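S.K.: Have a look at this one before I ask anything.
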Amino acid sequence: MPAKDHSNTLRLRKEAKTAMAQTSSADTRMGTDPIPSLMVRLAVPSVVAQLINALYNIVDRIYIGHIPEIGSTALTGVGLTFPILLLVSAFSYFAGAGGAPLAAIQLGKGKKREAEKILGNAVTILLFFSVTLTLLFLIVKRPLLYMFGASDETIVYADSYISVYLIGTIFVQLSLGLNMFITSQGQAKTAMLSVLIGAVTNIILDPVFIFLFHMDVVGAALATIISQALSAAWVLRFLTSKKSVINIRKVCLVPDFPLIRRIASLGISPFIMQFTESAINVVFNSGLSRYGGDLYVGSMTILQSVMQLVFIPIQGFTQGIQPIISYNFGAKNFDRVRKTIKITIIVAFSFTLTECLLITQFPEVFARIFTSEEELTALVVRVMPIFMSGIWLFGVQMGCQTTFMGLGQAKISLFIALLRKVILLIPLAVILPAITGDVLSIYFAEPISDITSATTSGILLLIFHKRILSEEAWEKIQ
């Protein structure tokens, strides 16, 4: 055998052994470790990562809200850009949350190459979305902002912020979408670090650009895209290294349209959850602007920021747990799946119940984080107990939603996503103030939809859990 061929053979054997060792390590973590300790090991870093990720927008708002003289108006303007930010992240969830559970199931089945093909097609989808969204929103941003409820006074800050933010769309897409594939391998700490790098950078750069360089909202947006770029670089570096169980490979970037349809069928549910969040922002802001004015629009910016403080940790927890469900379903460890689901719902419900009690009892504490203006604070204190009164049950929905996603049940997951926001929340936010003529009725739409959708989710899981945890359901996920 020629020396060159012998060298290549040795190299290929070494790579194969490394891949087998990595897969074996994943098997040990996901398939045999005790469920409670495994959940802690995967969920805690994921929760931390989600909290840190939330800091991108929340820290921006905290700093912007305290800019001398213009703070309240600037905060309202930046809040009006939130629907666009949500749309950008929605498309990253389409590819990431749609592909990552499928990749985890394939790893559970021992099909590493299939998992890499899913990852590669997700990268292609994200790149396509990045280019399309950047061009589209740069063209239509100003009319959109007026449609979202901007006034002549707030449009200046809204337009300035979003114009800079959109330049970094590709970084947002790659960092958010691909980080889910790191979590799906059981590498929760690495996924956390990718977010931590960006968030720490953002926290440092925000006051420098906003106050030291006097760049105001432009400085906040610039700090955000620089931070997201660092996170994206970290994620790409890991997914192309030997430390990753699955890697981004050029051959897997070629679009496989049947595979893309599978990613889309599962990704459409989290996409709709994010997309409709954007639509909800538009409906809320438009209604509040019409029936109340800029002060009420500003209150919604704060309310939704506090809502993030509730949803983000529980979303991080369930996102960290999902790979355990997917992997063990793929490996036919149905008893482990059932135990994981039970613990997930109990923990998620306990968390949202506790958060609901804290926020509704101490609304001023949370309001003061974002503003020092007395009039805005007084309004937030008045409406926050109303707006947040339904989140105590929302942990049940998050647990059920994660279960259906982890088991590849796209249709049920899609229905749950549509129920809360499209079927309930948006119509209620339009109909209630039209009937009563009272701006406060808009805030009641949130708890009504939260309680109804969470109850429905729990009932659906009770009805369908035996059917979806079966050999027949397993065989359909190829």
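By convention here, the chains of the structure tokens are called A, B, ... in the order presented, each chain's residues are numbered starting at 1, and ligands are numbered starting at 1 in the order presented.
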Restrict the calculation to only C-alpha atoms, then for each residue of region 73-112 of chain A with any atom at most 6 Å from an atom of region 266-290 of chain A give the closest atom pair and their distance in Å to one decimal, rows by chain and rising residue number, as JSON lines.
M.R.:
```
{"residue": "A:Pro83", "atom": "CA", "partner": "A:Ser278", "partner_atom": "CA", "distance": 4.0}
{"residue": "A:Leu86", "atom": "CA", "partner": "A:Ser278", "partner_atom": "CA", "distance": 5.6}
{"residue": "A:Leu87", "atom": "CA", "partner": "A:Phe275", "partner_atom": "CA", "distance": 5.4}
{"residue": "A:Ala90", "atom": "CA", "partner": "A:Gln274", "partner_atom": "CA", "distance": 4.8}
{"residue": "A:Tyr93", "atom": "CA", "partner": "A:Phe271", "partner_atom": "CA", "distance": 5.7}
{"residue": "A:Phe94", "atom": "CA", "partner": "A:Gly267", "partner_atom": "CA", "distance": 4.3}
{"residue": "A:Ala97", "atom": "CA", "partner": "A:Gly267", "partner_atom": "CA", "distance": 5.6}
{"residue": "A:Gly98", "atom": "CA", "partner": "A:Gly267", "partner_atom": "CA", "distance": 3.4}
```
S.K.: Could you list, as a list in words, every residue within 6 Å of Ala104 (chain A), counting only C-alpha atoms and ignoring same-chain residues fewer than 2 positions away?
M.R.: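 Once the adjacent positions are removed, what remains is Pro101, Leu102, Gln106, Leu107, Ser184, Ser326 and Tyr327 of chain A.
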S.K.: For the residues in the current selection, export N, CA, C and O atoms as a PDB file, in the first residue's frame.
M.R.:
```
ATOM      1  N   PRO A 101     -34.660  19.175  16.955  1.00  0.00           N
ATOM      2  CA  PRO A 101     -35.278  17.949  17.477  1.00  0.00           C
ATOM      3  C   PRO A 101     -35.132  16.764  16.513  1.00  0.00           C
ATOM      4  O   PRO A 101     -34.915  15.633  16.946  1.00  0.00           O
ATOM      5  N   LEU A 102     -35.244  17.030  15.212  1.00  0.00           N
ATOM      6  CA  LEU A 102     -35.072  15.961  14.227  1.00  0.00           C
ATOM      7  C   LEU A 102     -33.650  15.410  14.266  1.00  0.00           C
ATOM      8  O   LEU A 102     -33.428  14.199  14.169  1.00  0.00           O
ATOM      9  N   GLN A 106     -32.440  11.557  15.263  1.00  0.00           N
ATOM     10  CA  GLN A 106     -31.538  10.767  14.415  1.00  0.00           C
ATOM     11  C   GLN A 106     -30.310  10.314  15.194  1.00  0.00           C
ATOM     12  O   GLN A 106     -29.821   9.191  14.999  1.00  0.00           O
ATOM     13  N   LEU A 107     -29.804  11.156  16.080  1.00  0.00           N
ATOM     14  CA  LEU A 107     -28.681  10.738  16.926  1.00  0.00           C
ATOM     15  C   LEU A 107     -29.102   9.601  17.846  1.00  0.00           C
ATOM     16  O   LEU A 107     -28.328   8.670  18.107  1.00  0.00           O
ATOM     17  N   SER A 184     -29.022  20.397  21.218  1.00  0.00           N
ATOM     18  CA  SER A 184     -29.601  19.091  20.863  1.00  0.00           C
ATOM     19  C   SER A 184     -28.612  17.948  21.038  1.00  0.00           C
ATOM     20  O   SER A 184     -29.003  16.786  21.118  1.00  0.00           O
ATOM     21  N   SER A 326     -36.370  13.978  22.854  1.00  0.00           N
ATOM     22  CA  SER A 326     -36.157  13.573  21.465  1.00  0.00           C
ATOM     23  C   SER A 326     -35.210  12.380  21.363  1.00  0.00           C
ATOM     24  O   SER A 326     -35.479  11.404  20.651  1.00  0.00           O
ATOM     25  N   TYR A 327     -34.082  12.455  22.067  1.00  0.00           N
ATOM     26  CA  TYR A 327     -33.075  11.402  21.977  1.00  0.00           C
ATOM     27  C   TYR A 327     -33.641  10.068  22.469  1.00  0.00           C
ATOM     28  O   TYR A 327     -33.492   9.034  21.814  1.00  0.00           O
TER      29      TYR A 327
END
```
S.K.: Would you mind listing what lies within 9 Å of Met39 (chain A) as a ChimeraX atom specification, with only C-alpha atoms counted and same-chain residues fewer than 2 positions away left out?
M.R.: /A:34-37,41-44,317,320-321,324,340,344
S.K.: Would you save the residues from that selection as an mmCIF file, in the first residue's frame, using all heavy atoms?
M.R.:
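Now in result00.cif:
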```cif
data_model
loop_
_atom_site.group_PDB
_atom_site.id
_atom_site.type_symbol
_atom_site.label_atom_id
_atom_site.label_comp_id
_atom_site.auth_asym_id
_atom_site.auth_seq_id
_atom_site.Cartn_x
_atom_site.Cartn_y
_atom_site.Cartn_z
ATOM 1 N N PRO A 34 -29.208 9.184 35.172
ATOM 2 C CA PRO A 34 -30.461 9.444 35.898
ATOM 3 C C PRO A 34 -31.149 10.703 35.378
ATOM 4 O O PRO A 34 -30.489 11.731 35.172
ATOM 5 C CB PRO A 34 -29.996 9.614 37.342
ATOM 6 C CG PRO A 34 -28.713 8.854 37.419
ATOM 7 C CD PRO A 34 -28.063 9.026 36.081
ATOM 8 N N ILE A 35 -32.454 10.620 35.180
ATOM 9 C CA ILE A 35 -33.209 11.724 34.583
ATOM 10 C C ILE A 35 -33.063 13.039 35.353
ATOM 11 O O ILE A 35 -32.758 14.084 34.754
ATOM 12 C CB ILE A 35 -34.703 11.351 34.433
ATOM 13 C CG1 ILE A 35 -34.883 10.243 33.400
ATOM 14 C CG2 ILE A 35 -35.527 12.572 34.020
ATOM 15 C CD1 ILE A 35 -34.531 10.625 31.982
ATOM 16 N N PRO A 36 -33.258 13.061 36.676
ATOM 17 C CA PRO A 36 -33.170 14.350 37.387
ATOM 18 C C PRO A 36 -31.817 15.043 37.226
ATOM 19 O O PRO A 36 -31.759 16.249 36.940
ATOM 20 C CB PRO A 36 -33.426 13.958 38.849
ATOM 21 C CG PRO A 36 -34.227 12.708 38.765
ATOM 22 C CD PRO A 36 -33.678 11.974 37.587
ATOM 23 N N SER A 37 -30.710 14.286 37.407
ATOM 24 C CA SER A 37 -29.392 14.908 37.283
ATOM 25 C C SER A 37 -29.114 15.326 35.845
ATOM 26 O O SER A 37 -28.481 16.355 35.594
ATOM 27 C CB SER A 37 -28.301 13.951 37.775
ATOM 28 O OG SER A 37 -28.292 12.761 37.000
ATOM 29 N N ARG A 41 -28.264 19.090 34.519
ATOM 30 C CA ARG A 41 -27.051 19.359 33.750
ATOM 31 C C ARG A 41 -27.339 20.042 32.417
ATOM 32 O O ARG A 41 -26.565 20.888 31.957
ATOM 33 C CB ARG A 41 -26.290 18.052 33.522
ATOM 34 C CG ARG A 41 -24.885 18.254 32.992
ATOM 35 C CD ARG A 41 -23.997 17.043 33.205
ATOM 36 N NE ARG A 41 -24.422 15.889 32.457
ATOM 37 C CZ ARG A 41 -24.865 14.754 32.997
ATOM 38 N NH1 ARG A 41 -24.969 14.654 34.316
ATOM 39 N NH2 ARG A 41 -25.224 13.735 32.254
ATOM 40 N N LEU A 42 -28.461 19.693 31.813
ATOM 41 C CA LEU A 42 -28.797 20.282 30.506
ATOM 42 C C LEU A 42 -29.643 21.545 30.642
ATOM 43 O O LEU A 42 -29.485 22.489 29.864
ATOM 44 C CB LEU A 42 -29.536 19.265 29.636
ATOM 45 C CG LEU A 42 -28.755 18.018 29.216
ATOM 46 C CD1 LEU A 42 -29.605 17.149 28.307
ATOM 47 C CD2 LEU A 42 -27.454 18.381 28.530
ATOM 48 N N ALA A 43 -30.550 21.558 31.623
ATOM 49 C CA ALA A 43 -31.499 22.671 31.718
ATOM 50 C C ALA A 43 -30.886 23.922 32.322
ATOM 51 O O ALA A 43 -31.173 25.033 31.865
ATOM 52 C CB ALA A 43 -32.721 22.246 32.533
ATOM 53 N N VAL A 44 -30.047 23.769 33.345
ATOM 54 C CA VAL A 44 -29.491 24.953 34.009
ATOM 55 C C VAL A 44 -28.690 25.829 33.039
ATOM 56 O O VAL A 44 -28.922 27.041 32.952
ATOM 57 C CB VAL A 44 -28.640 24.557 35.236
ATOM 58 C CG1 VAL A 44 -27.881 25.758 35.767
ATOM 59 C CG2 VAL A 44 -29.531 23.975 36.328
ATOM 60 N N PHE A 317 -35.456 26.417 30.155
ATOM 61 C CA PHE A 317 -35.591 25.122 30.832
ATOM 62 C C PHE A 317 -36.147 24.070 29.879
ATOM 63 O O PHE A 317 -35.589 22.980 29.739
ATOM 64 C CB PHE A 317 -36.504 25.268 32.051
ATOM 65 C CG PHE A 317 -36.903 23.963 32.676
ATOM 66 C CD1 PHE A 317 -35.988 23.225 33.412
ATOM 67 C CD2 PHE A 317 -38.197 23.476 32.524
ATOM 68 C CE1 PHE A 317 -36.361 22.012 33.982
ATOM 69 C CE2 PHE A 317 -38.570 22.275 33.091
ATOM 70 C CZ PHE A 317 -37.655 21.535 33.824
ATOM 71 N N GLY A 320 -33.778 23.123 27.137
ATOM 72 C CA GLY A 320 -32.719 22.236 27.602
ATOM 73 C C GLY A 320 -33.197 20.812 27.784
ATOM 74 O O GLY A 320 -32.434 19.854 27.608
ATOM 75 N N ILE A 321 -34.470 20.632 28.137
ATOM 76 C CA ILE A 321 -35.037 19.304 28.362
ATOM 77 C C ILE A 321 -35.390 18.605 27.057
ATOM 78 O O ILE A 321 -35.338 17.383 26.960
ATOM 79 C CB ILE A 321 -36.317 19.431 29.236
ATOM 80 C CG1 ILE A 321 -35.976 20.050 30.588
ATOM 81 C CG2 ILE A 321 -36.988 18.079 29.424
ATOM 82 C CD1 ILE A 321 -34.869 19.353 31.336
ATOM 83 N N ILE A 324 -33.504 15.585 25.650
ATOM 84 C CA ILE A 324 -33.672 14.335 26.396
ATOM 85 C C ILE A 324 -34.896 13.588 25.873
ATOM 86 O O ILE A 324 -34.867 12.367 25.654
ATOM 87 C CB ILE A 324 -33.833 14.616 27.904
ATOM 88 C CG1 ILE A 324 -32.656 15.425 28.440
ATOM 89 C CG2 ILE A 324 -33.966 13.302 28.682
ATOM 90 C CD1 ILE A 324 -32.809 15.845 29.897
ATOM 91 N N THR A 340 -39.441 12.159 32.079
ATOM 92 C CA THR A 340 -38.952 13.499 31.748
ATOM 93 C C THR A 340 -40.113 14.469 31.560
ATOM 94 O O THR A 340 -40.080 15.605 32.053
ATOM 95 C CB THR A 340 -38.100 13.463 30.467
ATOM 96 O OG1 THR A 340 -37.025 12.546 30.637
ATOM 97 C CG2 THR A 340 -37.533 14.843 30.151
ATOM 98 N N THR A 344 -40.864 17.787 33.851
ATOM 99 C CA THR A 344 -40.838 19.057 33.119
ATOM 100 C C THR A 344 -42.072 19.895 33.411
ATOM 101 O O THR A 344 -41.984 21.094 33.694
ATOM 102 C CB THR A 344 -40.744 18.801 31.604
ATOM 103 O OG1 THR A 344 -39.525 18.103 31.315
ATOM 104 C CG2 THR A 344 -40.766 20.110 30.816
#
```
S.K.: Would you mind reading off the distance between CA of Arg382 (chain A) and CA of Ala150 (chain A), one decimal, in Å?
M.R.: 23.4 Å
S.K.: Quick one: residues within 10 Å of Ile162 (chain A), only C-alpha atoms, excluding same-chain residues fewer than 6 positions away - as JSON, numbers by chain?
M.R.: {"A": [77, 78, 80, 81, 82, 84, 85, 137, 138, 141, 142, 145, 217, 218, 221]}
S.K.: Kindly export the residues of the current selection with all heavy atoms, as a CSV table (one decimal), in the first residue's frame.
M.R.:
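So part.csv came out as:
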```csv
chain,number,residue,atom,x,y,z
A,77,GLY,N,-40.1,54.5,21.3
A,77,GLY,CA,-39.7,54.3,19.9
A,77,GLY,C,-39.0,53.0,19.6
A,77,GLY,O,-39.3,52.3,18.7
A,78,VAL,N,-38.1,52.6,20.5
A,78,VAL,CA,-37.4,51.3,20.4
A,78,VAL,C,-38.4,50.2,20.6
A,78,VAL,O,-38.3,49.1,19.9
A,78,VAL,CB,-36.2,51.3,21.4
A,78,VAL,CG1,-35.6,49.8,21.4
A,78,VAL,CG2,-35.1,52.3,21.0
A,80,LEU,N,-41.3,50.1,19.6
A,80,LEU,CA,-42.1,49.9,18.4
A,80,LEU,C,-41.4,49.0,17.4
A,80,LEU,O,-42.0,48.5,16.4
A,80,LEU,CB,-42.4,51.2,17.8
A,80,LEU,CG,-43.4,52.1,18.5
A,80,LEU,CD1,-43.4,53.6,18.0
A,80,LEU,CD2,-44.8,51.6,18.5
A,81,THR,N,-40.0,48.8,17.5
A,81,THR,CA,-39.3,48.0,16.6
A,81,THR,C,-39.4,46.5,17.0
A,81,THR,O,-38.9,45.7,16.3
A,81,THR,CB,-37.8,48.4,16.6
A,81,THR,OG1,-37.2,48.1,17.9
A,81,THR,CG2,-37.6,49.9,16.4
A,82,PHE,N,-39.9,46.3,18.2
A,82,PHE,CA,-39.9,44.9,18.7
A,82,PHE,C,-40.6,43.9,17.8
A,82,PHE,O,-40.1,42.8,17.7
A,82,PHE,CB,-40.6,44.9,20.1
A,82,PHE,CG,-40.3,43.7,20.9
A,82,PHE,CD1,-39.0,43.3,21.1
A,82,PHE,CD2,-41.3,43.0,21.6
A,82,PHE,CE1,-38.6,42.2,21.9
A,82,PHE,CE2,-41.0,41.9,22.4
A,82,PHE,CZ,-39.6,41.5,22.5
A,84,ILE,N,-40.5,43.7,14.6
A,84,ILE,CA,-39.5,43.4,13.5
A,84,ILE,C,-38.4,42.5,14.1
A,84,ILE,O,-38.0,41.5,13.5
A,84,ILE,CB,-38.9,44.6,12.9
A,84,ILE,CG1,-39.9,45.5,12.2
A,84,ILE,CG2,-37.7,44.2,11.9
A,84,ILE,CD1,-39.4,46.7,11.6
A,85,LEU,N,-38.0,42.8,15.3
A,85,LEU,CA,-37.0,42.0,16.0
A,85,LEU,C,-37.5,40.5,16.2
A,85,LEU,O,-36.8,39.6,16.0
A,85,LEU,CB,-36.6,42.6,17.4
A,85,LEU,CG,-35.4,43.6,17.4
A,85,LEU,CD1,-35.7,44.8,16.5
A,85,LEU,CD2,-35.2,44.1,18.8
A,137,PHE,N,-36.9,44.3,5.0
A,137,PHE,CA,-37.2,45.2,6.1
A,137,PHE,C,-36.5,46.6,5.9
A,137,PHE,O,-37.1,47.6,6.3
A,137,PHE,CB,-36.8,44.6,7.4
A,137,PHE,CG,-37.7,43.6,7.9
A,137,PHE,CD1,-37.3,42.4,8.3
A,137,PHE,CD2,-39.1,43.8,7.9
A,137,PHE,CE1,-38.2,41.4,8.8
A,137,PHE,CE2,-40.0,42.9,8.4
A,137,PHE,CZ,-39.5,41.6,8.8
A,138,LEU,N,-35.3,46.6,5.3
A,138,LEU,CA,-34.7,47.9,5.0
A,138,LEU,C,-35.6,48.8,4.1
A,138,LEU,O,-35.6,50.0,4.1
A,138,LEU,CB,-33.3,47.7,4.4
A,138,LEU,CG,-32.2,47.4,5.5
A,138,LEU,CD1,-30.9,47.1,4.7
A,138,LEU,CD2,-32.0,48.5,6.5
A,141,LYS,N,-39.3,49.4,6.3
A,141,LYS,CA,-39.3,49.6,7.7
A,141,LYS,C,-40.1,50.8,8.2
A,141,LYS,O,-40.8,50.8,9.2
A,141,LYS,CB,-37.8,49.7,8.2
A,141,LYS,CG,-37.0,50.9,7.6
A,141,LYS,CD,-35.6,50.8,8.1
A,141,LYS,CE,-34.7,51.8,7.3
A,141,LYS,NZ,-35.1,53.2,7.4
A,142,ARG,N,-40.0,52.0,7.5
A,142,ARG,CA,-40.6,53.2,8.0
A,142,ARG,C,-42.2,53.1,7.9
A,142,ARG,O,-42.8,53.4,8.9
A,142,ARG,CB,-40.1,54.4,7.2
A,142,ARG,CG,-40.4,55.7,7.9
A,142,ARG,CD,-39.7,56.9,7.2
A,142,ARG,NE,-39.9,58.1,7.9
A,142,ARG,CZ,-39.1,58.6,8.9
A,142,ARG,NH1,-38.1,57.8,9.3
A,142,ARG,NH2,-39.4,59.7,9.5
A,145,LEU,N,-43.3,50.8,10.8
A,145,LEU,CA,-43.2,51.4,12.1
A,145,LEU,C,-44.4,52.3,12.3
A,145,LEU,O,-44.9,52.3,13.5
A,145,LEU,CB,-41.9,52.2,12.2
A,145,LEU,CG,-40.6,51.4,12.3
A,145,LEU,CD1,-39.4,52.3,12.2
A,145,LEU,CD2,-40.6,50.6,13.6
A,217,VAL,N,-29.8,55.8,20.8
A,217,VAL,CA,-30.4,54.5,20.3
A,217,VAL,C,-29.5,53.8,19.3
A,217,VAL,O,-29.5,52.6,19.1
A,217,VAL,CB,-31.8,54.7,19.8
A,217,VAL,CG1,-32.7,55.1,21.0
A,217,VAL,CG2,-31.9,55.6,18.6
A,218,VAL,N,-28.8,54.6,18.4
A,218,VAL,CA,-27.9,54.0,17.4
A,218,VAL,C,-26.8,53.3,18.1
A,218,VAL,O,-26.4,52.2,17.7
A,218,VAL,CB,-27.4,55.2,16.5
A,218,VAL,CG1,-26.3,54.6,15.6
A,218,VAL,CG2,-28.5,55.8,15.7
A,221,ALA,N,-28.2,49.9,19.3
A,221,ALA,CA,-28.3,48.9,18.2
A,221,ALA,C,-26.9,48.4,17.7
A,221,ALA,O,-26.7,47.2,17.4
A,221,ALA,CB,-29.0,49.6,17.0
```
S.K.: List the spatial neighbours of Lys109 (chain A) as a ChimeraX atom specification - criterion: any atom at most 10 Å away, only C-alpha atoms, same-chain residues fewer than 5 positions off excluded.
M.R.: /A:103-104,114-115,327-332,478
S.K.: Can I get the residues of region 283-384 of chain A within 12 Å of region 449-468 of chain A, each with the closest pair of atoms and their distance in Å to one decimal, using only C-alpha atoms, sorted chain first then ascending number, as CSV?
M.R.:
```
residue,atom,partner,partner_atom,distance
A:Phe329,CA,A:Ile468,CA,9.9
A:Lys332,CA,A:Ile468,CA,11.8
A:Phe334,CA,A:Ile468,CA,10.1
A:Asp335,CA,A:Lys466,CA,11.4
A:Val337,CA,A:His465,CA,10.6
A:Arg338,CA,A:His465,CA,8.8
A:Ile341,CA,A:His465,CA,10.0
A:Lys342,CA,A:Leu461,CA,11.0
A:Ile345,CA,A:Gly458,CA,9.4
A:Ile346,CA,A:Gly458,CA,11.9
A:Ala348,CA,A:Ala454,CA,11.8
A:Phe349,CA,A:Ala454,CA,10.3
A:Thr352,CA,A:Asp450,CA,11.6
```
S.K.: Save out the residues we just selected, N, CA and C atoms, as a CSV table (one decimal), in the first residue's frame.
M.R.:
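Generated output (selection_15.csv):
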```csv
chain,number,residue,atom,x,y,z
A,329,PHE,N,-36.8,9.2,22.8
A,329,PHE,CA,-37.8,8.7,21.9
A,329,PHE,C,-37.2,8.0,20.7
A,332,LYS,N,-36.1,4.6,21.6
A,332,LYS,CA,-37.2,3.8,22.1
A,332,LYS,C,-37.2,3.7,23.6
A,334,PHE,N,-39.1,4.7,26.1
A,334,PHE,CA,-40.3,5.4,26.3
A,334,PHE,C,-40.5,5.7,27.8
A,335,ASP,N,-40.1,4.8,28.7
A,335,ASP,CA,-40.3,5.1,30.1
A,335,ASP,C,-39.5,6.4,30.6
A,337,VAL,N,-38.8,8.9,28.6
A,337,VAL,CA,-39.5,10.0,28.0
A,337,VAL,C,-40.7,10.4,29.0
A,338,ARG,N,-41.5,9.4,29.4
A,338,ARG,CA,-42.6,9.7,30.3
A,338,ARG,C,-42.1,10.4,31.6
A,341,ILE,N,-41.2,14.0,30.9
A,341,ILE,CA,-42.3,14.9,30.6
A,341,ILE,C,-43.0,15.3,31.9
A,342,LYS,N,-43.2,14.3,32.8
A,342,LYS,CA,-43.8,14.6,34.1
A,342,LYS,C,-43.0,15.6,34.9
A,345,ILE,N,-43.2,19.3,33.3
A,345,ILE,CA,-44.5,20.0,33.6
A,345,ILE,C,-44.6,20.5,35.0
A,346,ILE,N,-44.2,19.7,36.0
A,346,ILE,CA,-44.3,20.1,37.4
A,346,ILE,C,-43.3,21.3,37.6
A,348,ALA,N,-42.1,23.4,35.4
A,348,ALA,CA,-42.5,24.6,34.6
A,348,ALA,C,-43.7,25.3,35.3
A,349,PHE,N,-44.7,24.5,35.7
A,349,PHE,CA,-45.8,25.1,36.4
A,349,PHE,C,-45.5,25.8,37.7
A,352,THR,N,-43.8,29.3,36.9
A,352,THR,CA,-44.7,30.4,36.4
A,352,THR,C,-45.7,30.8,37.5
```
S.K.: Write out as a tab-separated table the residues of region 226-289 of chain A that have any atom within 10 Å of an atom of region 118-136 of chain A, one row each with the nearest atom pair and its distance in Å to one decimal, counting only C-alpha atoms, sorted by chain and then rising number.
M.R.:
```
residue	atom	partner	partner_atom	distance
A:Leu239	CA	A:Leu119	CA	9.4
A:Ile246	CA	A:Leu119	CA	7.9
A:Asn247	CA	A:Leu119	CA	7.7
A:Ile248	CA	A:Gly120	CA	5.6
A:Arg249	CA	A:Gly120	CA	6.5
A:Lys250	CA	A:Gly120	CA	7.6
A:Val251	CA	A:Gly120	CA	8.0
A:Cys252	CA	A:Gly120	CA	4.7
A:Leu253	CA	A:Gly120	CA	4.5
A:Val254	CA	A:Asn121	CA	6.9
A:Pro255	CA	A:Asn121	CA	5.9
A:Asp256	CA	A:Asn121	CA	7.0
A:Phe257	CA	A:Asn121	CA	9.0
A:Leu259	CA	A:Ile118	CA	7.1
A:Ile260	CA	A:Asn121	CA	6.8
A:Arg262	CA	A:Ile118	CA	9.4
A:Ile263	CA	A:Ile118	CA	7.8
A:Ala264	CA	A:Ala122	CA	9.9
```
S.K.: Those same residues, written as a compact mmCIF listing (two decimals), in the first residue's frame with C-alpha atoms?
M.R.:
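Dumped everything to result10.txt:
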```
# COMPACT_ATOMS: atom_id res chain seq x y z
CA LEU A 239 -20.09 23.26 14.84
CA ILE A 246 -22.32 16.67 14.29
CA ASN A 247 -20.55 19.10 11.97
CA ILE A 248 -21.43 21.61 9.27
CA ARG A 249 -20.18 20.03 6.03
CA LYS A 250 -20.23 21.56 2.55
CA VAL A 251 -21.85 18.48 1.02
CA CYS A 252 -24.77 18.81 3.47
CA LEU A 253 -25.45 22.46 2.54
CA VAL A 254 -27.01 21.43 -0.78
CA PRO A 255 -30.80 21.91 -0.42
CA ASP A 256 -32.71 18.67 0.07
CA PHE A 257 -36.31 19.78 -0.41
CA LEU A 259 -35.80 17.23 4.19
CA ILE A 260 -36.52 20.96 4.23
CA ARG A 262 -39.68 17.93 7.32
CA ILE A 263 -37.80 20.75 9.06
CA ALA A 264 -40.54 23.18 8.07
```
S.K.: List the spatial neighbours of Gly390 (chain A) as a PyMOL selection string - criterion: any atom at most 12 Å away, only C-alpha atoms, same-chain residues fewer than 4 positions off excluded.
M.R.: chain A and resi 307+310+349+352-353+355-357+359-360+384-386+394-397+420+443-455
S.K.: According to DSSP computed on the backbone, where in region 231-285 of chain A is there alpha helix (DSSP H)? Give the residues as an MDAnalysis selection string.
M.R.: chainID A and resid 231:239 257:285
